[in-house]
Structures are given as structure tokens and as C-alpha cells.
>>> print(open('protein.txt').read())   # compact mmCIF, C-alpha atoms
# COMPACT_ATOMS: atom_id res chain seq x y z
CA MET J 1159 -5.07 22.07 9.51
CA THR J 1160 -5.04 20.73 13.07
CA GLY J 1161 -6.66 17.60 14.41
CA PRO J 1162 -6.34 14.06 13.15
CA ARG J 1163 -3.39 14.70 10.79
CA SER J 1164 -1.15 15.04 13.84
CA GLU J 1165 -1.75 11.31 14.13
CA VAL J 1166 0.44 10.90 11.03
CA THR J 1167 3.58 12.26 12.66
CA ASP J 1168 2.70 10.65 15.99
CA ALA J 1169 2.23 7.21 14.42
CA LYS J 1170 4.83 4.71 15.58
CA ARG J 1171 4.09 2.12 12.90
CA VAL J 1172 2.96 3.02 9.38
CA VAL J 1173 2.08 0.83 6.41
CA VAL J 1174 2.50 2.58 3.03
CA LYS J 1175 0.94 0.99 -0.04
CA VAL J 1176 1.83 2.02 -3.58
CA GLY J 1177 0.25 0.74 -6.77
CA SER J 1178 1.76 -0.56 -10.00
CA SER J 1179 0.87 2.44 -12.13
CA SER J 1180 2.61 4.79 -9.68
CA ILE J 1181 6.08 3.21 -9.79
CA SER J 1182 6.38 1.37 -13.11
CA GLY J 1183 6.68 2.27 -16.78
CA ALA J 1184 6.77 6.02 -17.31
CA ASN J 1185 6.41 6.52 -13.55
CA THR J 1186 9.49 4.55 -12.50
CA GLY J 1187 11.04 7.89 -11.53
CA GLN J 1188 8.52 8.20 -8.68
CA ILE J 1189 10.40 5.52 -6.73
CA ALA J 1190 13.07 8.02 -5.63
CA PRO J 1191 10.70 10.62 -4.12
CA LEU J 1192 8.69 7.80 -2.54
CA VAL J 1193 11.87 6.53 -0.92
CA ASP J 1194 12.75 10.10 0.15
CA ALA J 1195 9.44 10.38 2.02
CA ILE J 1196 9.73 6.94 3.60
CA ALA J 1197 13.33 7.65 4.64
CA ALA J 1198 12.21 10.89 6.32
CA SER J 1199 9.66 8.95 8.40
CA HIS J 1200 12.21 6.22 9.08
CA GLY J 1201 14.65 8.88 10.23
CA ARG J 1202 12.11 10.16 12.77
CA GLY J 1203 12.06 6.69 14.30
CA THR J 1204 8.82 5.57 12.67
CA GLU J 1205 8.55 1.89 11.79
CA VAL J 1206 7.58 1.79 8.11
CA ILE J 1207 6.33 -1.18 6.10
CA LEU J 1208 6.03 -0.67 2.33
CA VAL J 1209 3.45 -2.72 0.45
CA SER J 1210 4.37 -2.37 -3.19
CA SER J 1211 2.64 -3.64 -6.28
CA GLY J 1212 4.50 -3.60 -9.55
CA ALA J 1213 6.18 -6.97 -10.10
CA ILE J 1214 4.10 -7.87 -13.15
CA ALA J 1215 4.19 -4.34 -14.58
CA THR J 1216 7.96 -4.12 -14.06
CA GLY J 1217 8.50 -7.48 -15.74
CA MET J 1218 6.32 -6.77 -18.78
CA PRO J 1219 8.95 -4.92 -20.88
CA TYR J 1220 11.43 -7.75 -20.37
CA LEU J 1221 8.86 -10.17 -21.80
CA GLU J 1222 8.17 -7.70 -24.63
CA LEU J 1223 4.57 -7.26 -23.52
CA ASP J 1224 2.68 -4.06 -24.32
CA ALA J 1225 -0.22 -4.80 -21.97
CA ARG J 1226 -0.82 -6.71 -18.77
CA PRO J 1227 -1.17 -10.42 -19.70
CA ASN J 1228 -4.51 -12.09 -19.10
CA ASP J 1229 -3.36 -15.67 -18.63
CA LEU J 1230 -2.08 -16.74 -15.22
CA ALA J 1231 1.13 -18.42 -16.44
CA THR J 1232 2.36 -15.29 -18.23
CA GLN J 1233 1.42 -13.14 -15.24
CA GLN J 1234 3.50 -15.47 -13.07
CA ALA J 1235 6.44 -15.30 -15.50
CA ALA J 1236 6.29 -11.51 -15.63
CA ALA J 1237 6.15 -11.36 -11.83
CA ALA J 1238 9.15 -13.66 -11.50
CA VAL J 1239 11.20 -11.40 -13.78
CA GLY J 1240 9.85 -8.12 -12.43
CA GLN J 1241 9.99 -8.75 -8.69
CA SER J 1242 13.79 -8.90 -8.48
CA ARG J 1243 14.14 -5.77 -10.63
CA LEU J 1244 11.57 -3.93 -8.56
CA ILE J 1245 13.36 -4.72 -5.31
CA PHE J 1246 16.70 -3.76 -6.90
CA ARG J 1247 15.27 -0.35 -7.83
CA TYR J 1248 14.02 0.22 -4.30
CA GLN J 1249 17.29 -0.89 -2.71
CA GLU J 1250 19.34 1.22 -5.10
CA SER J 1251 17.33 4.26 -4.00
CA LEU J 1252 17.39 3.29 -0.32
CA ASP J 1253 21.19 3.02 -0.42
CA ARG J 1254 21.26 6.83 -0.41
CA TYR J 1255 19.98 6.66 3.18
CA ASP J 1256 21.83 3.50 4.29
CA ILE J 1257 18.47 1.76 4.72
CA VAL J 1258 18.32 -1.97 4.04
CA ALA J 1259 15.17 -3.46 2.50
CA GLY J 1260 13.83 -6.93 3.21
CA GLN J 1261 11.52 -8.65 0.72
CA VAL J 1262 8.36 -10.32 2.02
CA LEU J 1263 6.19 -12.20 -0.50
CA LEU J 1264 2.81 -13.41 0.72
CA THR J 1265 -0.21 -15.25 -0.63
CA ALA J 1266 -3.71 -14.90 0.76
CA GLY J 1267 -3.36 -18.37 2.25
CA ASP J 1268 -0.38 -17.20 4.30
CA LEU J 1269 -2.57 -14.79 6.22
CA GLU J 1270 -5.54 -17.15 6.50
CA HIS J 1271 -3.72 -19.98 8.29
CA PRO J 1272 -2.26 -19.61 11.79
CA THR J 1273 1.24 -21.01 11.23
CA PRO J 1274 2.30 -19.00 8.13
CA ARG J 1275 0.46 -15.97 9.53
CA SER J 1276 2.48 -16.20 12.74
CA ASN J 1277 5.67 -16.73 10.76
CA ALA J 1278 5.02 -13.65 8.65
CA GLN J 1279 4.24 -11.55 11.69
CA ARG J 1280 7.35 -12.71 13.54
CA ALA J 1281 9.64 -12.13 10.55
CA ILE J 1282 8.34 -8.62 9.87
CA GLU J 1283 8.44 -7.68 13.56
CA ARG J 1284 12.07 -8.80 13.69
CA MET J 1285 12.92 -6.78 10.57
CA LEU J 1286 11.39 -3.69 12.16
CA GLY J 1287 13.37 -4.31 15.32
CA LEU J 1288 16.53 -4.41 13.20
CA ARG J 1289 15.50 -1.17 11.43
CA ILE J 1290 15.09 -3.01 8.13
CA LEU J 1291 12.40 -1.74 5.74
CA PRO J 1292 10.06 -4.63 4.90
CA ILE J 1293 8.79 -4.44 1.32
CA VAL J 1294 5.69 -6.63 1.00
CA ASN J 1295 4.07 -7.82 -2.20
CA GLU J 1296 1.73 -10.59 -3.20
CA ASN J 1297 3.68 -13.64 -4.30
CA ASP J 1298 2.37 -13.41 -7.86
CA THR J 1299 4.68 -16.17 -9.11
CA VAL J 1300 2.87 -18.86 -7.11
CA ALA J 1301 -0.52 -17.27 -6.37
CA THR J 1302 -3.49 -18.61 -8.31
CA HIS J 1303 -6.77 -16.91 -9.18
CA GLU J 1304 -8.48 -18.85 -6.40
CA ILE J 1305 -6.12 -17.71 -3.61
CA ARG J 1306 -5.20 -14.19 -4.68
CA PHE J 1307 -5.78 -11.18 -2.47
CA GLY J 1308 -7.32 -9.59 -5.55
CA ASP J 1309 -5.42 -6.34 -5.09
CA ASN J 1310 -2.67 -5.03 -2.85
CA ASP J 1311 -5.00 -2.55 -1.17
CA ARG J 1312 -6.57 -5.49 0.63
CA LEU J 1313 -3.13 -6.99 1.30
CA ALA J 1314 -2.01 -3.69 2.83
CA ALA J 1315 -5.09 -3.59 5.07
CA LEU J 1316 -4.45 -7.16 6.23
CA VAL J 1317 -0.79 -6.39 6.89
CA SER J 1318 -1.88 -3.33 8.90
CA GLU J 1319 -4.18 -5.53 10.94
CA LEU J 1320 -1.51 -8.22 11.37
CA LEU J 1321 1.05 -5.73 12.66
CA GLN J 1322 -1.41 -3.48 14.54
CA ALA J 1323 -0.24 -0.46 12.56
CA ASP J 1324 -1.24 3.01 13.69
CA LEU J 1325 -1.68 4.26 10.13
CA LEU J 1326 -2.19 2.90 6.63
CA VAL J 1327 -1.35 5.24 3.74
CA LEU J 1328 -2.93 4.18 0.44
CA LEU J 1329 -1.19 5.88 -2.48
CA SER J 1330 -2.54 6.06 -6.02
CA ASP J 1331 -2.72 8.26 -9.11
CA VAL J 1332 -5.54 10.29 -7.53
CA ASP J 1333 -4.96 12.89 -4.80
CA ALA J 1334 -8.03 12.05 -2.70
CA LEU J 1335 -11.37 10.31 -2.66
CA TYR J 1336 -14.05 12.13 -4.63
CA THR J 1337 -17.82 11.86 -4.71
CA ARG J 1338 -17.46 10.66 -8.29
CA PRO J 1339 -14.47 10.09 -10.64
CA PRO J 1340 -12.58 13.41 -10.42
CA HIS J 1341 -12.56 14.01 -14.19
CA LEU J 1342 -16.37 14.13 -14.23
CA PRO J 1343 -18.34 17.35 -13.71
CA GLY J 1344 -19.52 17.95 -10.17
CA ALA J 1345 -16.91 15.75 -8.50
CA ARG J 1346 -16.24 16.93 -4.96
CA ARG J 1347 -13.21 16.07 -2.87
CA ILE J 1348 -13.88 14.23 0.39
CA GLU J 1349 -11.48 15.28 3.13
CA HIS J 1350 -12.70 13.18 6.07
CA VAL J 1351 -14.61 9.94 6.40
CA ALA J 1352 -16.08 9.04 9.77
CA TRP J 1353 -15.62 5.39 10.68
CA GLU J 1354 -19.36 4.68 10.54
CA ASP J 1355 -19.84 6.44 7.15
CA ASP J 1356 -20.86 3.89 4.49
CA LEU J 1357 -20.03 6.31 1.62
CA ALA J 1358 -23.24 5.24 -0.08
CA GLY J 1359 -23.32 8.36 -2.30
CA VAL J 1360 -19.86 7.88 -3.79
CA GLU J 1361 -19.70 6.92 -7.49
CA LEU J 1362 -16.71 4.70 -8.13
CA GLY J 1363 -14.41 4.85 -11.15
CA ASP J 1364 -12.04 2.41 -12.84
CA ILE J 1365 -8.39 1.40 -12.41
CA GLY J 1366 -5.50 3.80 -12.82
CA ASP J 1367 -4.69 5.54 -16.06
CA ALA J 1368 -1.74 3.28 -16.87
CA GLY J 1369 -3.94 0.20 -17.07
CA VAL J 1370 -1.44 -2.02 -15.28
CA GLY J 1371 -3.00 -2.10 -11.82
CA THR J 1372 -5.85 -4.16 -10.47
CA GLY J 1373 -7.35 -1.76 -7.93
CA GLY J 1374 -9.53 1.33 -8.05
CA ALA J 1375 -11.49 3.57 -5.71
CA GLY J 1376 -13.73 0.65 -4.72
CA THR J 1377 -10.85 -1.54 -3.57
CA LYS J 1378 -9.32 1.36 -1.65
CA ILE J 1379 -12.56 2.12 0.16
CA ALA J 1380 -12.98 -1.57 1.04
CA ALA J 1381 -9.38 -1.74 2.25
CA ALA J 1382 -9.72 1.48 4.23
CA LYS J 1383 -12.86 0.18 5.92
CA LEU J 1384 -11.15 -3.13 6.73
CA ALA J 1385 -8.14 -1.40 8.27
CA ALA J 1386 -10.21 1.20 10.09
CA ALA J 1387 -12.39 -1.50 11.65
CA SER J 1388 -9.27 -3.03 13.22
CA GLY J 1389 -8.21 0.32 14.71
CA THR J 1390 -5.86 1.59 12.00
CA ALA J 1391 -6.48 5.09 10.65
CA VAL J 1392 -6.16 5.39 6.86
CA LEU J 1393 -4.94 8.19 4.62
CA PHE J 1394 -5.75 8.02 0.91
CA ALA J 1395 -3.39 10.28 -1.08
CA SER J 1396 -1.54 10.54 -4.37
CA THR J 1397 1.94 9.13 -4.84
CA THR J 1398 3.16 12.54 -5.98
CA ASN J 1399 2.03 13.99 -2.62
CA VAL J 1400 3.60 11.26 -0.49
CA ALA J 1401 6.09 13.61 1.20
CA ASP J 1402 3.28 15.88 2.40
CA ALA J 1403 1.13 12.90 3.34
CA LEU J 1404 3.80 11.34 5.56
CA ALA J 1405 4.68 14.72 7.06
CA GLY J 1406 1.10 15.21 8.28
CA ALA J 1407 0.16 17.96 5.81
CA PRO J 1408 -3.55 18.42 4.97
CA THR J 1409 -3.59 16.33 1.82
CA GLY J 1410 -5.75 13.43 0.68
CA THR J 1411 -8.70 11.81 2.44
CA TRP J 1412 -8.55 10.76 6.08
CA PHE J 1413 -10.47 7.64 7.17
CA GLU J 1414 -11.11 7.68 10.88
CA ALA J 1415 -10.29 4.47 12.78
CA ALA J 1416 -13.15 2.75 14.59
CA PRO J 1417 -12.98 3.18 18.36
CA GLN J 1418 -11.49 0.08 19.96
CA THR J 1419 -12.93 -1.38 23.12
CA THR J 1420 -10.47 -2.04 25.91
CA PRO J 1421 -10.95 -5.42 27.60
CA ALA J 1422 -11.99 -5.15 31.21
CA GLY J 1423 -9.61 -6.43 33.81
>>> encode(input="protein.txt", output="C-alpha cells")
Amino acid sequence: MTGPRSEVTDAKRVVVKVGSSSISGANTGQIAPLVDAIAASHGRGTEVILVSSGAIATGMPYLELDARPNDLATQQAAAAVGQSRLIFRYQESLDRYDIVAGQVLLTAGDLEHPTPRSNAQRAIERMLGLRILPIVNENDTVATHEIRFGDNDRLAALVSELLQADLLVLLSDVDALYTRPPHLPGARRIEHVAWEDDLAGVELGDIGDAGVGTGGAGTKIAAAKLAAASGTAVLFASTTNVADALAGAPTGTWFEAAPQTTPAG
């Protein structure tokens, strides 16, 4: 396939978002191939920012929880335990490539107010300049229901906008966007979404199979539209296909970025 996928390998700055169900529990082993793909992009000189869910899901076994807790305090406790272990797992895998990770924890309020927003932007820009891999997550330990992003798809879109990324890659358990949940009869894969397409005919499904995430097709579409509106192209692909996705192979669903107007002058 030729055309827009060349924009993947040409992208200078890429935000990659991975969900809880893709890198926790039985899928913890997917961290290594995810890191392999990110390291390959990093090695080409691409600036990569990883937005990773998974703190609560990673912490759950240590709190002897069989399911994601419903109350905020236990979610915060699980996040506090899980976040350090999650970062350790990433860094342990990144050590194979001599890549250093930097942890960035944000709340929705951080990106809504000028001073913390500017601080976050400056810190991440400096990390990228130092060839450090920023790993961004919502600060679940201090976030409340009232100030949460709601899901890390939205966080990833806002980070893409903040850093003026060329590409946002949204990874999940599903290999592409479909006209209806892919396990249902008649589901058709959508390869390309024009920036003005409202996707009105798409039937949305539920969260991932593992039941530990908070996002689904609806949150990804909303995030893709948010990022695309700010000039960032979006690729929706499966975590298992991340190597192909970051190499520009014809996988997943491509969301076209909205054309940006250039100020006169």
C-alpha cells in the first residue's frame, strides 16, 4: 500500500498509546515486543512518547484483587503500587536498547491550566531533546472522578496536541476499527477515515476483553477526532501488530488529519 502510511515512517514525533488490557495480567509479555517496535522507531531518529495505561491493573494482584476496584481509594492504592512496577517493567525491557525512560504523571487539571501545562510541555520537550523516552500516564493516585481524563485515549490525544505530534498510534486488543464489533456478523473493517467523516454508521462495542481498561471504540474515535482536528494523523491498530504499524505497513485504520490553515504574514 502506498499513500498516507508513508507518513508513519516520515513522522518526526509520534505518540503511542497502549491500554491496560494489552500490557497487564496475561498480556504482560506484550511489553517486550512493544518496546522492540518503539526502539526501532527511536533508532531511526523518531521522537517517541509512550502513553501507557496499566497502573491500576498492574497493582491489582499485589492487593489480591480479582477485578478492577470500583471505589476511588482502592483504585488510587492499586495505582500507587502498580505504577512503579509498570515503569520498572518498561525500563527493564528498554535496557536492552540502552534507552532511558522518564515517567510523566498528569491529571486533567495539569493540561487545563496554563502553568502546569507549560511545565509539562517543557519537561517532555527536554526529555525528547535528551533522547529520553517519556512514558505518560494519568496520575491515578491523586486524580479524582471529577478531574479524570476518563480514559488514556483522550490523554494521548491531548498530549499529541500539546507536543504537536505528527502521528498518534492508538493500540488496543482489536486490529482496526470496524463498522460494528468485529465478533458480530457483518462487521466490516474500516481502513481509512477522512477527517470530515462523522462515522455515523459505526456501531460501538464495549471495553477490552480483559475487563481492566476504561476505554472502547467510542473513546478511541473521540480521541482520534480530537487529535486529527489539531493536525495529528491517527493510526488505530492492535498491540500485537505494533511493529508493522510503526514501520508503516498497511495495518489498522488510518484517521486523516484535518488540513491546517497557515497564518498569513
>>> closest_residue(input="protein.txt", among="J:Ser1210, J:Thr1419, J:Thr1411, J:Ser1178", to="J:Asn1297", atoms="all atoms listed in the file")
J:Ser1210
>>> closest_residue(input="protein.txt", among="J:Gln1234, J:Thr1204, J:Gln1322, J:Ser1179", to="J:Thr1390", atoms="only C-alpha atoms")
J:Gln1322
>>> atom_distance(input="protein.txt", atom1="atom CA of J:Val1360", atom2="atom CA of J:Ala1382")
14.4 Å
>>> atom_distance(input="protein.txt", atom1="atom CA of J:Gln1233", atom2="atom CA of J:Glu1250")
25.1 Å
>>> closest_atom_pairs(input="protein.txt", of="stretch 1162-1182 of chain J", to="stretch 1195-1203 of chain J", cutoff="12 Å", atoms="only C-alpha atoms", output="CSV")
residue,atom,partner,partner_atom,distance
J:Val1166,CA,J:Ser1199,CA,9.8
J:Thr1167,CA,J:Ser1199,CA,8.1
J:Asp1168,CA,J:Arg1202,CA,10.0
J:Ala1169,CA,J:Ser1199,CA,9.7
J:Lys1170,CA,J:Gly1203,CA,7.6
J:Arg1171,CA,J:Gly1203,CA,9.3
J:Val1172,CA,J:Ser1199,CA,9.0
J:Val1173,CA,J:Ile1196,CA,10.2
J:Val1174,CA,J:Ile1196,CA,8.5
J:Lys1175,CA,J:Ile1196,CA,11.2
J:Val1176,CA,J:Ile1196,CA,11.8
>>> closest_residue(input="protein.txt", among="J:Asp1309, J:Leu1269, J:Ala1415, J:Thr1216", to="J:Ala1184", atoms="only C-alpha atoms")
J:Thr1216
>>> atom_distance(input="protein.txt", atom1="atom CA of J:Gly1376", atom2="atom CA of J:Phe1394")
12.2 Å
>>> residues_around(input="protein.txt", residues="J:Gly1187", least_positions_apart="6", cutoff="10 Å", atoms="only C-alpha atoms", output="mmCIF file with C-alpha atoms, keeping the file's coordinate frame")
data_model
loop_
_atom_site.group_PDB
_atom_site.id
_atom_site.type_symbol
_atom_site.label_atom_id
_atom_site.label_comp_id
_atom_site.auth_asym_id
_atom_site.auth_seq_id
_atom_site.Cartn_x
_atom_site.Cartn_y
_atom_site.Cartn_z
ATOM 1 C CA SER J 1180 2.610 4.790 -9.680
ATOM 2 C CA ILE J 1181 6.080 3.210 -9.790
ATOM 3 C CA ARG J 1247 15.270 -0.350 -7.830
#
>>> closest_residue(input="protein.txt", among="J:Ala1231, J:Gly1183, J:Leu1393, J:Ala1358", to="J:Met1218", atoms="all atoms listed in the file")
J:Gly1183
>>> closest_residue(input="protein.txt", among="J:His1341, J:Arg1346, J:Arg1275, J:Arg1243", to="J:Gln1261", atoms="all atoms listed in the file")
J:Arg1243
>>> residues_near_point(input="protein.txt", point="(-3.9, -0.2, -3.2)", cutoff="6 Å", atoms="all atoms listed in the file", output="JSON list (two decimals) with C-alpha atoms, keeping the file's coordinate frame")
[["chain", "number", "residue", "atom", "x", "y", "z"],
["J", 1175, "LYS", "CA", 0.94, 0.99, -0.04],
["J", 1177, "GLY", "CA", 0.25, 0.74, -6.77],
["J", 1310, "ASN", "CA", -2.67, -5.03, -2.85],
["J", 1311, "ASP", "CA", -5.00, -2.55, -1.17],
["J", 1328, "LEU", "CA", -2.93, 4.18, 0.44],
["J", 1378, "LYS", "CA", -9.32, 1.36, -1.65]]
>>> closest_residue(input="protein.txt", among="J:Val1300, J:Leu1291, J:Leu1335, J:Ala1386", to="J:Leu1362", atoms="all atoms listed in the file")
J:Leu1335
>>> decode(input="protein.txt", residues="stretch 1403-1416 of chain J", atoms="all heavy atoms", output="mmCIF file, in the first residue's frame")
data_model
loop_
_atom_site.group_PDB
_atom_site.id
_atom_site.type_symbol
_atom_site.label_atom_id
_atom_site.label_comp_id
_atom_site.auth_asym_id
_atom_site.auth_seq_id
_atom_site.Cartn_x
_atom_site.Cartn_y
_atom_site.Cartn_z
ATOM 1 N N ALA J 1403 2.710 -1.567 12.457
ATOM 2 C CA ALA J 1403 2.095 -0.241 12.498
ATOM 3 C C ALA J 1403 3.152 0.856 12.473
ATOM 4 O O ALA J 1403 3.050 1.825 11.709
ATOM 5 C CB ALA J 1403 1.220 -0.109 13.736
ATOM 6 N N LEU J 1404 4.186 0.713 13.297
ATOM 7 C CA LEU J 1404 5.216 1.750 13.380
ATOM 8 C C LEU J 1404 6.198 1.694 12.214
ATOM 9 O O LEU J 1404 6.977 2.637 12.018
ATOM 10 C CB LEU J 1404 5.966 1.638 14.712
ATOM 11 C CG LEU J 1404 5.158 2.016 15.959
ATOM 12 C CD1 LEU J 1404 6.001 1.875 17.216
ATOM 13 C CD2 LEU J 1404 4.626 3.447 15.846
ATOM 14 N N ALA J 1405 6.164 0.609 11.460
ATOM 15 C CA ALA J 1405 7.014 0.506 10.272
ATOM 16 C C ALA J 1405 6.306 1.006 9.016
ATOM 17 O O ALA J 1405 6.881 1.013 7.926
ATOM 18 C CB ALA J 1405 7.464 -0.939 10.066
ATOM 19 N N GLY J 1406 5.037 1.413 9.155
ATOM 20 C CA GLY J 1406 4.302 1.952 8.017
ATOM 21 C C GLY J 1406 3.585 0.910 7.187
ATOM 22 O O GLY J 1406 3.107 1.216 6.089
ATOM 23 N N ALA J 1407 3.494 -0.325 7.695
ATOM 24 C CA ALA J 1407 2.795 -1.381 6.945
ATOM 25 C C ALA J 1407 1.293 -1.097 6.911
ATOM 26 O O ALA J 1407 0.761 -0.383 7.774
ATOM 27 C CB ALA J 1407 3.063 -2.740 7.596
ATOM 28 N N PRO J 1408 0.575 -1.653 5.930
ATOM 29 C CA PRO J 1408 -0.865 -1.403 5.792
ATOM 30 C C PRO J 1408 -1.672 -2.186 6.816
ATOM 31 O O PRO J 1408 -2.318 -3.182 6.506
ATOM 32 C CB PRO J 1408 -1.173 -1.850 4.369
ATOM 33 C CG PRO J 1408 -0.150 -2.905 4.089
ATOM 34 C CD PRO J 1408 1.097 -2.468 4.809
ATOM 35 N N THR J 1409 -1.637 -1.744 8.045
ATOM 36 C CA THR J 1409 -2.399 -2.392 9.104
ATOM 37 C C THR J 1409 -3.257 -1.354 9.809
ATOM 38 O O THR J 1409 -2.940 -0.157 9.794
ATOM 39 C CB THR J 1409 -1.456 -3.080 10.114
ATOM 40 O OG1 THR J 1409 -2.235 -3.823 11.055
ATOM 41 C CG2 THR J 1409 -0.607 -2.071 10.863
ATOM 42 N N GLY J 1410 -4.344 -1.778 10.417
ATOM 43 C CA GLY J 1410 -5.159 -0.881 11.217
ATOM 44 C C GLY J 1410 -6.028 0.065 10.409
ATOM 45 O O GLY J 1410 -6.283 -0.126 9.220
ATOM 46 N N THR J 1411 -6.485 1.115 11.097
ATOM 47 C CA THR J 1411 -7.339 2.142 10.495
ATOM 48 C C THR J 1411 -6.642 3.484 10.579
ATOM 49 O O THR J 1411 -6.196 3.901 11.650
ATOM 50 C CB THR J 1411 -8.695 2.233 11.222
ATOM 51 O OG1 THR J 1411 -9.369 0.981 11.129
ATOM 52 C CG2 THR J 1411 -9.570 3.326 10.621
ATOM 53 N N TRP J 1412 -6.556 4.161 9.438
ATOM 54 C CA TRP J 1412 -5.881 5.453 9.353
ATOM 55 C C TRP J 1412 -6.922 6.576 9.432
ATOM 56 O O TRP J 1412 -7.882 6.603 8.677
ATOM 57 C CB TRP J 1412 -5.125 5.560 8.031
ATOM 58 C CG TRP J 1412 -4.363 6.852 7.888
ATOM 59 C CD1 TRP J 1412 -4.798 8.011 7.315
ATOM 60 C CD2 TRP J 1412 -3.029 7.096 8.330
ATOM 61 N NE1 TRP J 1412 -3.823 8.968 7.374
ATOM 62 C CE2 TRP J 1412 -2.720 8.431 7.991
ATOM 63 C CE3 TRP J 1412 -2.070 6.309 8.979
ATOM 64 C CZ2 TRP J 1412 -1.487 9.018 8.284
ATOM 65 C CZ3 TRP J 1412 -0.844 6.879 9.271
ATOM 66 C CH2 TRP J 1412 -0.555 8.210 8.924
ATOM 67 N N PHE J 1413 -6.720 7.493 10.382
ATOM 68 C CA PHE J 1413 -7.565 8.687 10.501
ATOM 69 C C PHE J 1413 -6.780 9.873 9.945
ATOM 70 O O PHE J 1413 -5.740 10.243 10.472
ATOM 71 C CB PHE J 1413 -7.926 8.958 11.964
ATOM 72 C CG PHE J 1413 -8.879 7.976 12.566
ATOM 73 C CD1 PHE J 1413 -8.435 6.736 13.025
ATOM 74 C CD2 PHE J 1413 -10.229 8.285 12.699
ATOM 75 C CE1 PHE J 1413 -9.318 5.828 13.589
ATOM 76 C CE2 PHE J 1413 -11.112 7.386 13.278
ATOM 77 C CZ PHE J 1413 -10.656 6.145 13.720
ATOM 78 N N GLU J 1414 -7.307 10.429 8.910
ATOM 79 C CA GLU J 1414 -6.667 11.552 8.230
ATOM 80 C C GLU J 1414 -6.698 12.810 9.099
ATOM 81 O O GLU J 1414 -7.713 13.100 9.741
ATOM 82 C CB GLU J 1414 -7.444 11.787 6.924
ATOM 83 C CG GLU J 1414 -6.924 12.784 5.966
ATOM 84 C CD GLU J 1414 -7.861 12.866 4.763
ATOM 85 O OE1 GLU J 1414 -7.878 11.909 3.967
ATOM 86 O OE2 GLU J 1414 -8.589 13.862 4.660
ATOM 87 N N ALA J 1415 -5.598 13.536 9.155
ATOM 88 C CA ALA J 1415 -5.548 14.786 9.920
ATOM 89 C C ALA J 1415 -6.302 15.878 9.165
ATOM 90 O O ALA J 1415 -6.306 15.922 7.932
ATOM 91 C CB ALA J 1415 -4.108 15.210 10.137
ATOM 92 N N ALA J 1416 -6.943 16.748 9.896
ATOM 93 C CA ALA J 1416 -7.630 17.888 9.284
ATOM 94 C C ALA J 1416 -6.602 18.843 8.693
ATOM 95 O O ALA J 1416 -5.528 19.045 9.285
ATOM 96 C CB ALA J 1416 -8.480 18.618 10.317
#
